[in-house]
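Undergrad: Once you've had a glance at the structure underneath, I'll fire off some questions.
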Amino acid sequence: MREILRRSLTGAVYIILLLSAVFLNSDAFDFLFMTFGLACLYEYKKLVQLKGYHIFAAYLALWWAYIYLINDHRLVNVLMVITIVVNIYLLYYLFSKKQQNFNTFLKFIIGLFYIGGGCIFLTMIPYKNDAFAKLLIMGIFILIWVNDSFAYLVGKSIGRTKLFPSVSPKKTIEGTLGGFIFALGAAYIMSTQETLITQWQWIILACVIVISGSLGDLIESKLKRGAGVKDSGAILPGHGGMLDRLDSLVFAAPFAYLTLNIFTYVS
């Protein structure tokens with residue numbers, strides 16, 4: 001009971017902080033996710049045993065450049081391609097049966113673009129038609145939360161078939177499908193509130209976010225398994241580390257950003 005209360009209180013504080021930043025102004029939202037990115041990088045460094053602080057400086061420089069200085073879509077697309085390529089490499093790492101030993105340079109590149117690039121694109125998503133689309137970014141958060149929550153509830157209730165036991169023994173196929181179905185329902189509801197994208201585009205976006213987010217969660221689980229730890233950190237009582245909380249979002253962000261740009265192009 002005490003553990004449930006602690007998790008609930010931590011979750012409530014996290015959600016209030018996030019909602020406050022989104023509805024206060026865009027600068028508050030940008031600063032919040034810049035800070036979250038630093039926390040995730042710190043935990044990632046510990047997981048992969050990356051020494052030094054160069055990655056923090058590189059992340060801050062990249063974040064500042066792309067959020068405040070660079071307006072050239074071609075340069076943004078270059079960052080997006082690099083980030084997605086790094087994420088595809090992490091998918092290879094996830095499904096590979098061979099032991100993967102990252103060298104220092106690879107640890108640096110993976111951290112900078114998997115986490116740094118993910119946070120940058122998460123920050124870019126709300127900017128549509130020169131306005132800060134609060135409901136659009138909140139809808140993406142809601143899709144992740146609904147998927148995670150109902151995957152856990154359905155898996156705990158009727159889950160029998162293990163999804164990926166060598167990486168995450170508690171996840172089940174039934175839970176994964178349950179989370180996916182409820183996320184589609186949430187996407188339908190969001191389409192009635194935020195009309196920047198159509199109902200079918202919300203459904204497609206939900207599919208992209210749920211699938212990529214679930215894979216991102218598994219990748220972080222494999223990184224933790226390789227490090228021999230249960231959680232990436234302890235900054236969030238009852239929830240583990242910041243990377244534990246944001247693993248799905250940071251991995252899904254560049255794919256969501258790409259999907260939204262495709263919608264704009266084909267509209």
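In the structure tokens, chains take letters A, B, ... by order of appearance, with residues numbered from 1 within each chain and ligands from 1 in the order shown.
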Show me, as a list in words, the residues that have an atom within 9 Å of A:Ser248 when counting only C-alpha atoms, minus same-chain residues fewer than 2 positions from it.
TA: Ile144, Ile209, Val210, Ser212, Gly213, Ser214, Leu215, Gly216, Asp217, Leu218, Glu220, Leu243, Asp244, Arg245, Leu246, Val250, Phe251, Ala252 and Ala253 of chain A
Undergrad: What's the 7 Å shell around stretch 27-39 of chain A, counting only C-alpha atoms, without same-chain residues fewer than 4 positions away, as a ChimeraX atom specification?
TA: /A:21-22,43,56,115-116,119,123,242
Undergrad: Please extract the residues of stretch 15-232 of chain A with a backbone DSSP assignment of helix (DSSP H, G or I) and present them as a PyMOL selection string.
TA: chain A and resi 15-24+26-48+54-69+73-95+104-124+134-158+173-191+199-227
Undergrad: For A:Gly111, please output as a list of chain:residue names all residues within 9 Å (counting only C-alpha atoms; exclusion window: fewer than 6 positions along the same chain).
TA: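 Skipping anything fewer than 6 positions along the chain leaves A:Leu41, A:Tyr44, A:Lys45, A:Ile55, A:Gly117.
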Undergrad: Hey, can you spit out that residue selection with N, CA and C atoms as a PDB file, in the first residue's frame?
TA:
ATOM      1  N   LEU A  41      20.514  11.668 -19.816  1.00  0.00           N
ATOM      2  CA  LEU A  41      21.899  11.438 -20.227  1.00  0.00           C
ATOM      3  C   LEU A  41      22.764  11.010 -19.046  1.00  0.00           C
ATOM      4  N   TYR A  44      21.967   7.427 -18.476  1.00  0.00           N
ATOM      5  CA  TYR A  44      22.516   6.633 -19.584  1.00  0.00           C
ATOM      6  C   TYR A  44      24.018   6.446 -19.405  1.00  0.00           C
ATOM      7  N   LYS A  45      24.742   7.517 -19.026  1.00  0.00           N
ATOM      8  CA  LYS A  45      26.190   7.438 -18.796  1.00  0.00           C
ATOM      9  C   LYS A  45      26.537   6.364 -17.777  1.00  0.00           C
ATOM     10  N   ILE A  55      29.586  14.678 -23.229  1.00  0.00           N
ATOM     11  CA  ILE A  55      28.278  14.433 -23.837  1.00  0.00           C
ATOM     12  C   ILE A  55      27.259  15.479 -23.400  1.00  0.00           C
ATOM     13  N   GLY A 117      18.856  13.672 -29.366  1.00  0.00           N
ATOM     14  CA  GLY A 117      18.011  13.881 -30.546  1.00  0.00           C
ATOM     15  C   GLY A 117      16.545  13.662 -30.234  1.00  0.00           C
TER      16      GLY A 117
END
Undergrad: If you count only C-alpha atoms, which residues fall within 12 Å of stretch 204-208 of chain A, apart from same-chain ones fewer than 4 positions away, as a PyMOL selection string?
TA: chain A and resi 136-137+139-147+177+179-191+197-200+212-216+248-249+251-263
Undergrad: Taking the DSSP assignment computed from this structure's backbone, write out as a list in words all residues of stretch 73-200 of chain A that belong to strand (DSSP E or B).
TA: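 Secondary structure check on stretch 73-200 of chain A, strand (DSSP E or B): Tyr127, Lys128, Ala131, Phe132, Lys162, Leu163, Phe164, Ser168, Pro169, Lys170, Lys171 and Thr172 of chain A.
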Undergrad: Between A:Cys40, A:Val154, A:Val48, A:Leu75, single out the one closest to A:Gly240, counting only C-alpha atoms.
TA: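 Closest residue, counting only C-alpha atoms: A:Cys40.
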